[in-house]
>>> print(open('start-v7.txt').read())   # compact mmCIF, C-alpha atoms and all ligand atoms
# COMPACT_ATOMS: atom_id res chain seq x y z
CA MET A 543 140.32 -9.83 32.53
CA SER A 544 141.44 -12.14 29.77
CA ASN A 545 145.10 -12.00 28.86
CA LYS A 546 144.36 -13.35 25.42
CA THR A 547 145.28 -11.25 22.43
CA LYS A 548 142.35 -10.36 20.23
CA ILE A 549 143.01 -9.90 16.56
CA ASP A 550 140.26 -7.92 14.95
CA THR A 551 140.52 -8.44 11.26
CA GLU A 552 137.27 -6.86 10.21
CA SER A 553 138.79 -3.79 8.67
CA ASN A 554 140.34 -5.59 5.72
CA PHE A 555 137.81 -7.76 3.95
CA ASN A 556 140.23 -9.76 1.88
CA ASN A 557 142.09 -10.90 4.99
CA TRP A 558 139.38 -13.50 5.50
CA PHE A 559 139.47 -15.15 2.07
CA ASP A 560 143.24 -15.12 2.20
CA SER A 561 143.65 -16.27 5.78
CA LYS A 562 144.74 -19.81 6.63
CA TYR A 563 141.58 -20.08 8.75
CA TYR A 564 139.27 -19.59 5.75
CA HIS A 565 141.05 -22.54 4.17
CA ILE A 566 140.78 -24.64 7.32
CA LEU A 567 137.07 -23.90 7.70
CA TYR A 568 136.24 -24.55 4.06
CA LYS A 569 138.81 -27.22 3.23
CA ASP A 570 136.06 -29.64 2.32
CA ARG A 571 134.31 -27.36 -0.11
CA ASP A 572 132.35 -29.53 -2.40
CA HIS A 573 134.28 -30.74 -5.45
CA ASP A 574 131.56 -33.20 -6.32
CA GLU A 575 129.00 -30.42 -6.47
CA ALA A 576 131.36 -28.36 -8.66
CA ARG A 577 131.87 -31.27 -11.09
CA LYS A 578 128.16 -32.04 -11.43
CA PHE A 579 127.21 -28.39 -11.90
CA ILE A 580 129.96 -27.70 -14.43
CA THR A 581 129.10 -30.81 -16.45
CA LYS A 582 125.43 -29.83 -16.55
CA LEU A 583 126.16 -26.17 -17.33
CA LEU A 584 128.62 -26.84 -20.15
CA GLU A 585 126.29 -29.40 -21.67
CA HIS A 586 123.49 -26.84 -21.57
CA LEU A 587 125.58 -23.99 -22.99
CA ASN A 588 126.80 -26.28 -25.73
CA LEU A 589 130.24 -24.68 -25.90
CA LYS A 590 132.66 -26.28 -28.33
CA LYS A 591 135.69 -28.08 -26.89
CA ASN A 592 138.87 -26.01 -26.82
CA MET A 593 136.97 -22.79 -26.24
CA THR A 594 138.41 -20.38 -23.67
CA ILE A 595 136.71 -19.90 -20.30
CA LEU A 596 137.48 -17.40 -17.54
CA ASP A 597 136.60 -18.55 -14.01
CA ALA A 598 136.32 -15.13 -12.34
CA ALA A 599 136.91 -15.43 -8.56
CA CYS A 600 137.92 -19.08 -8.88
CA GLY A 601 139.01 -19.59 -5.25
CA LYS A 602 141.15 -22.72 -5.12
CA GLY A 603 140.01 -23.64 -8.61
CA ARG A 604 137.50 -26.43 -8.03
CA HIS A 605 135.35 -25.38 -11.03
CA SER A 606 138.31 -24.43 -13.25
CA ILE A 607 139.83 -27.89 -12.76
CA GLU A 608 136.60 -29.60 -13.82
CA ILE A 609 136.09 -27.28 -16.80
CA GLU A 610 139.58 -28.06 -18.11
CA LYS A 611 139.00 -31.80 -17.68
CA LEU A 612 136.02 -31.46 -20.01
CA GLY A 613 138.29 -30.15 -22.76
CA TYR A 614 138.31 -26.35 -22.41
CA LYS A 615 141.11 -23.83 -22.01
CA VAL A 616 140.67 -22.25 -18.60
CA THR A 617 142.03 -19.22 -16.80
CA GLY A 618 141.13 -18.89 -13.13
CA ILE A 619 141.58 -15.55 -11.36
CA ASP A 620 141.15 -14.62 -7.72
CA LEU A 621 142.38 -11.95 -5.32
CA SER A 622 143.37 -14.48 -2.68
CA LYS A 623 147.09 -15.19 -2.94
CA ASN A 624 146.76 -18.38 -0.91
CA SER A 625 143.92 -19.72 -3.04
CA ILE A 626 145.85 -19.09 -6.23
CA LYS A 627 148.99 -20.62 -4.73
CA HIS A 628 146.98 -23.76 -3.97
CA ALA A 629 145.31 -23.79 -7.40
CA LYS A 630 148.61 -23.44 -9.25
CA GLN A 631 149.61 -27.01 -8.36
CA PHE A 632 146.92 -28.17 -10.82
CA GLU A 633 148.11 -25.98 -13.70
CA ASN A 634 148.81 -27.48 -17.11
CA LEU A 635 148.91 -26.29 -20.70
CA ASN A 636 145.17 -25.56 -20.72
CA LEU A 637 144.69 -24.53 -17.10
CA LYS A 638 146.25 -21.36 -15.71
CA PHE A 639 145.69 -19.41 -12.51
CA LYS A 640 146.50 -15.82 -11.71
CA ILE A 641 146.04 -13.35 -8.86
CA HIS A 642 143.76 -10.71 -10.31
CA ASP A 643 140.85 -8.48 -9.28
CA ILE A 644 137.69 -9.44 -11.19
CA SER A 645 136.57 -5.81 -11.34
CA ILE A 646 139.53 -5.03 -13.61
CA PRO A 647 139.45 -6.42 -17.18
CA LEU A 648 142.23 -8.86 -18.00
CA GLY A 649 142.77 -7.49 -21.49
CA ILE A 650 141.93 -10.90 -23.03
CA LYS A 651 138.56 -11.94 -24.41
CA PHE A 652 137.02 -15.32 -23.61
CA ASN A 653 134.28 -17.47 -25.11
CA ALA A 654 132.72 -17.68 -21.66
CA VAL A 655 133.11 -15.96 -18.30
CA PHE A 656 131.82 -17.69 -15.18
CA ASN A 657 131.44 -16.16 -11.72
CA LEU A 658 130.41 -19.02 -9.47
CA PHE A 659 129.27 -19.75 -5.93
CA THR A 660 128.51 -16.23 -4.74
CA SER A 661 131.71 -14.57 -5.84
CA PHE A 662 130.05 -11.23 -6.53
CA GLY A 663 128.74 -8.38 -4.37
CA TYR A 664 131.45 -8.19 -1.70
CA TYR A 665 131.96 -4.44 -2.01
CA ASN A 666 129.75 -1.43 -2.66
CA ARG A 667 127.18 -1.24 -5.43
CA GLU A 668 129.44 0.82 -7.72
CA ASN A 669 131.97 -1.98 -7.54
CA ASP A 670 129.27 -4.53 -8.47
CA LEU A 671 128.64 -2.59 -11.67
CA LYS A 672 132.37 -2.21 -12.29
CA THR A 673 132.72 -6.00 -11.95
CA LEU A 674 129.87 -6.65 -14.38
CA LEU A 675 131.38 -4.20 -16.88
CA SER A 676 134.72 -5.96 -16.47
CA ILE A 677 133.06 -9.31 -17.19
CA GLU A 678 131.53 -7.74 -20.32
CA GLU A 679 134.94 -6.46 -21.37
CA ASN A 680 136.39 -9.97 -20.93
CA LEU A 681 133.74 -11.55 -23.17
CA LYS A 682 134.04 -12.07 -26.91
CA ASP A 683 131.15 -10.57 -28.91
CA ASP A 684 129.44 -13.95 -29.17
CA GLY A 685 130.53 -15.06 -25.68
CA VAL A 686 128.32 -16.23 -22.84
CA GLY A 687 128.47 -15.25 -19.17
CA VAL A 688 127.16 -16.96 -16.04
CA ILE A 689 126.75 -15.48 -12.56
CA ASP A 690 125.80 -17.98 -9.86
CA PHE A 691 124.60 -16.05 -6.80
CA PHE A 692 122.50 -17.04 -3.79
CA ASN A 693 118.76 -16.49 -3.84
CA ILE A 694 118.46 -13.81 -1.19
CA TYR A 695 114.85 -14.79 -0.35
CA ASN A 696 115.95 -18.32 0.36
CA VAL A 697 118.94 -17.12 2.37
CA LYS A 698 116.68 -14.98 4.58
CA LYS A 699 114.13 -17.76 5.02
CA ASN A 700 116.70 -20.40 5.99
CA LEU A 701 119.26 -18.24 7.77
CA ILE A 702 121.18 -20.18 10.41
CA GLU A 703 121.84 -17.36 12.86
CA GLN A 704 124.28 -19.23 15.02
CA GLU A 705 126.52 -22.19 14.26
CA ASN A 706 129.65 -23.86 15.61
CA ILE A 707 131.94 -25.82 13.35
CA ILE A 708 135.01 -27.63 14.62
CA ARG A 709 137.87 -28.10 12.15
CA ASP A 710 141.47 -29.00 13.01
CA ASN A 711 140.61 -28.55 16.71
CA ILE A 712 139.50 -24.98 16.16
CA ASN A 713 135.98 -24.13 17.23
CA PHE A 714 134.62 -21.65 14.67
CA ASN A 715 131.71 -19.65 15.99
CA ILE A 716 129.70 -18.37 13.04
CA SER A 717 126.85 -15.90 13.32
CA ARG A 718 124.81 -14.61 10.41
CA LYS A 719 122.36 -11.79 9.95
CA THR A 720 120.74 -9.83 7.17
CA LYS A 721 120.46 -6.08 7.52
CA ASP A 722 120.20 -3.08 5.18
CA LYS A 723 120.30 -5.33 2.11
CA LEU A 724 123.49 -6.97 3.34
CA VAL A 725 124.19 -10.52 4.42
CA GLU A 726 126.72 -10.42 7.18
CA LYS A 727 128.68 -13.37 8.53
CA ASN A 728 130.85 -13.02 11.65
CA ILE A 729 133.41 -15.72 12.27
CA SER A 730 135.18 -15.81 15.63
CA PHE A 731 137.47 -18.43 17.14
CA GLU A 732 140.57 -18.91 19.17
CA ASP A 733 143.83 -20.49 18.04
CA ASN A 734 146.99 -20.81 20.14
CA SER A 735 145.47 -18.52 22.77
CA ILE A 736 144.84 -15.78 20.26
CA LYS A 737 141.28 -14.69 19.57
CA TYR A 738 140.35 -13.91 16.00
CA SER A 739 137.33 -12.26 14.54
CA TYR A 740 136.50 -11.91 10.85
CA LYS A 741 133.56 -10.46 9.02
CA GLU A 742 132.29 -11.39 5.55
CA THR A 743 129.69 -9.06 4.05
CA VAL A 744 127.84 -9.67 0.78
CA ASN A 745 125.29 -7.43 -0.88
CA GLY A 746 121.86 -9.06 -0.59
CA LEU A 747 121.16 -8.71 -4.30
CA ASN A 748 117.90 -9.94 -5.76
CA LEU A 749 116.99 -10.54 -9.40
CA ASN A 750 115.78 -6.94 -9.78
CA ASP A 751 119.08 -5.58 -8.50
CA PHE A 752 120.88 -7.66 -11.12
CA LYS A 753 118.44 -6.52 -13.84
CA ASN A 754 119.21 -2.91 -12.90
CA TYR A 755 122.94 -3.58 -13.14
CA PHE A 756 122.50 -5.27 -16.51
CA LYS A 757 120.57 -2.22 -17.84
CA LYS A 758 123.75 -0.21 -17.39
CA THR A 759 125.80 -2.60 -19.52
CA ASN A 760 125.68 -3.94 -23.03
CA LEU A 761 124.74 -7.34 -21.62
CA GLU A 762 121.35 -9.00 -21.67
CA ILE A 763 119.96 -11.74 -19.48
CA ASN A 764 119.10 -14.85 -21.52
CA GLU A 765 118.14 -17.47 -18.96
CA ILE A 766 117.68 -17.77 -15.21
CA PHE A 767 118.04 -21.00 -13.24
CA GLY A 768 117.43 -21.72 -9.57
CA ASP A 769 119.79 -24.56 -8.70
CA TYR A 770 122.75 -26.64 -9.86
CA GLU A 771 120.40 -29.03 -11.67
CA LEU A 772 119.42 -26.03 -13.81
CA ASN A 773 115.79 -26.09 -12.74
CA LYS A 774 113.73 -22.97 -13.34
CA PHE A 775 114.27 -20.12 -10.86
CA ASP A 776 111.58 -19.92 -8.20
CA LEU A 777 111.75 -16.89 -5.92
CA ASN A 778 110.42 -18.76 -2.90
CA TYR A 779 112.19 -22.10 -3.16
CA SER A 780 115.30 -21.91 -5.32
CA PRO A 781 118.58 -22.02 -3.41
CA ARG A 782 120.48 -20.25 -6.19
CA LEU A 783 120.02 -17.42 -8.67
CA ILE A 784 121.95 -18.45 -11.79
CA ILE A 785 121.95 -15.83 -14.53
CA VAL A 786 123.07 -16.64 -18.08
CA PHE A 787 123.76 -13.62 -20.27
CA LYS A 788 125.20 -12.51 -23.59
CA LYS A 789 126.13 -9.28 -25.30
CA LYS A 790 122.99 -7.47 -26.49
CA SER A 791 123.55 -7.78 -30.22
CA GLN A 792 124.07 -11.55 -29.81
CA SER A 793 120.98 -12.48 -27.78
CA ASN A 794 117.93 -14.40 -29.04
C1 LIG A 801 132.65 -17.80 -1.86
S1 LIG A 801 134.26 -17.84 -2.55
C2 LIG A 801 133.99 -18.84 -3.98
C3 LIG A 801 135.25 -19.30 -4.65
C4 LIG A 801 135.07 -20.26 -5.84
N1 LIG A 801 134.30 -19.66 -6.93
C5 LIG A 801 134.44 -21.56 -5.39
O1 LIG A 801 133.29 -21.83 -5.75
O2 LIG A 801 135.08 -22.32 -4.68
C6 LIG A 801 134.41 -16.20 -3.17
C7 LIG A 801 135.75 -15.88 -3.81
O3 LIG A 801 135.73 -14.57 -4.37
C8 LIG A 801 137.04 -14.05 -4.29
N2 LIG A 801 136.95 -12.62 -4.53
C9 LIG A 801 136.23 -11.71 -3.85
N3 LIG A 801 136.37 -10.50 -4.41
C10 LIG A 801 137.21 -10.64 -5.48
C11 LIG A 801 137.72 -9.76 -6.46
N4 LIG A 801 137.41 -8.47 -6.47
N5 LIG A 801 138.55 -10.27 -7.39
C12 LIG A 801 138.89 -11.57 -7.40
N6 LIG A 801 138.41 -12.46 -6.51
C13 LIG A 801 137.58 -11.99 -5.56
C14 LIG A 801 137.50 -14.46 -2.90
O4 LIG A 801 138.89 -14.38 -2.74
C15 LIG A 801 136.96 -15.90 -2.85
O5 LIG A 801 137.91 -16.83 -3.34
>>> encode(input="start-v7.txt", output="structure tokens", more="lines below")
Ligand SMILES: C[S@@+](CC[C@H](N)C(=O)[O-])C[C@H]1O[C@@H](n2cnc3c(N)ncnc32)[C@H](O)[C@@H]1O
Amino acid sequence: MSNKTKIDTESNFNNWFDSKYYHILYKDRDHDEARKFITKLLEHLNLKKNMTILDAACGKGRHSIEIEKLGYKVTGIDLSKNSIKHAKQFENLNLKFKIHDISIPLGIKFNAVFNLFTSFGYYNRENDLKTLLSIEENLKDDGVGVIDFFNIYNVKKNLIEQENIIRDNINFNISRKTKDKLVEKNISFEDNSIKYSYKETVNGLNLNDFKNYFKKTNLEINEIFGDYELNKFDLNYSPRLIIVFKKKSQSN
């Protein structure tokens, strides 16, 4: 029998995003990708400089940092204390970070609210709607919102069921599966003779699911893109599902 301690951290979802291991595994998350996407998106949305933008579930702030560099006033919020602690080193007059749950309105209205890189759908469906309503509440009447989610059809088609990634001498064993409209990722590894196991579960939302959520809000979908180059969304081939929306009275 193994004498190694096993830490099962599955019960508390946010443990994973806040753990030091999440940050080790994803320390190289793509800043270049963030910069290119943000530049393209802001150019397309044609938002005036100095406008206010909320980066909802900003992680360590890679998009927020780029948005501010382009001349906007940015607030980044995330539940992960460690991510926000990291992001805070980049703060300046126009760039602020705060620990906050995106499903609870901030009480401030922004010209734009972005939710990027699959930062939606981590809880039950009621919470998805609560989050969307919170985004609506955080938007000015003429504001614009963007949700960048994965394209579930593409995820299923290209699912890597088993993968090993070595970072900082830790061998992360990652397994993925889709079941019951959920995408489940199990991450297990050993560090200092302690075994860890984490689970990340995301709702496998498709465009119709989002449309049904939007029907229950005062928001309306304006445009749908399928990748960070802002090409048209294609159910079969697009890697992303990028939804641009506005308040109903302001669309068209
Ligand atoms: C896949 S990461 C993406 C982070 C960031 N947008 C990026 O592209 O680097 C998802 C993020 O959502 C955050 N998150 C999940 N649920 C949240 C909630 N209810 N409120 C705030 N942040 C949340 C996690 O802490 C994590 O940082």
>>> closest_residue(input="start-v7.txt", among="A:Leu701, A:Ile646, A:Ile607, A:Leu658", to="ligand LIG 801 (chain A)", atoms="only C-alpha atoms and all ligand atoms")
A:Leu658
>>> residues_near_ligand(input="start-v7.txt", ligand="ligand LIG 801 (chain A)", cutoff="10 Å", atoms="all atoms listed in the file", output="ChimeraX atom specification")
/A:555-561,564-565,568,571-573,575-576,597-606,618-626,640-646,656-665,669-670,672-673,690-691,742,744
>>> residues_near_point(input="start-v7.txt", point="(119.5, -11.4, -13.6)", cutoff="6 Å", atoms="only C-alpha atoms", output="list in words")
Leu749, Phe752, Lys753, Ile763 and Ile785 of chain A
>>> closest_residue(input="start-v7.txt", among="A:Lys774, A:Arg718, A:Lys682, A:Arg667", to="Asn706 of chain A", atoms="only C-alpha atoms")
A:Arg718
>>> residues_around(input="start-v7.txt", residues="Pro647 of chain A", least_positions_apart="4", cutoff="8 Å", atoms="all atoms listed in the file", output="NGL selection string")
:A and (676-677 or 679-680)
>>> closest_residue(input="start-v7.txt", among="A:Val686, A:Leu648, A:Leu724, A:Val616", to="Asn666 of chain A", atoms="only C-alpha atoms")
A:Leu724
>>> atom_distance(input="start-v7.txt", atom1="atom CA of Lys591 of chain A", atom2="atom CA of Arg782 of chain A")
26.9 Å
>>> closest_residue(input="start-v7.txt", among="A:Asn700, A:Ile694, A:Tyr770, A:Gly685", to="Lys721 of chain A", atoms="all atoms listed in the file")
A:Ile694
>>> closest_residue(input="start-v7.txt", among="A:Asp574, A:Phe692, A:Asn713, A:Gly746", to="Asn734 of chain A", atoms="all atoms listed in the file")
A:Asn713
>>> atom_distance(input="start-v7.txt", atom1="atom CA of Tyr563 of chain A", atom2="atom CA of Glu633 of chain A")
24.1 Å
>>> atom_distance(input="start-v7.txt", atom1="atom CA of Glu678 of chain A", atom2="atom CA of Tyr755 of chain A")
11.9 Å
>>> closest_residue(input="start-v7.txt", among="A:Gln631, A:Asn728, A:Ser780, A:Asn636", to="Leu612 of chain A", atoms="all atoms listed in the file")
A:Asn636
>>> axis_aligned_box(input="start-v7.txt", around="segment 672-682 of chain A", padding_each_side="6 Å", output="JSON")
{"center_x": 133.1, "center_y": -7.1, "center_z": -19.4, "size_x": 18.5, "size_y": 21.9, "size_z": 27.0}
>>> residues_near_point(input="start-v7.txt", point="(116.8, -6.1, -1.0)", cutoff="8 Å", atoms="all atoms listed in the file", output="list in words")
Ile694, Asp722, Lys723, Gly746, Leu747, Asn748 and Asp751 of chain A
>>> write_last_selection(input="start-v7.txt", atoms="C-alpha atoms", output="PDB file, keeping the file's coordinate frame")
ATOM      1  CA  ILE A 694     118.460 -13.810  -1.190  1.00  0.00           C
ATOM      2  CA  ASP A 722     120.200  -3.080   5.180  1.00  0.00           C
ATOM      3  CA  LYS A 723     120.300  -5.330   2.110  1.00  0.00           C
ATOM      4  CA  GLY A 746     121.860  -9.060  -0.590  1.00  0.00           C
ATOM      5  CA  LEU A 747     121.160  -8.710  -4.300  1.00  0.00           C
ATOM      6  CA  ASN A 748     117.900  -9.940  -5.760  1.00  0.00           C
ATOM      7  CA  ASP A 751     119.080  -5.580  -8.500  1.00  0.00           C
TER       8      ASP A 751
END
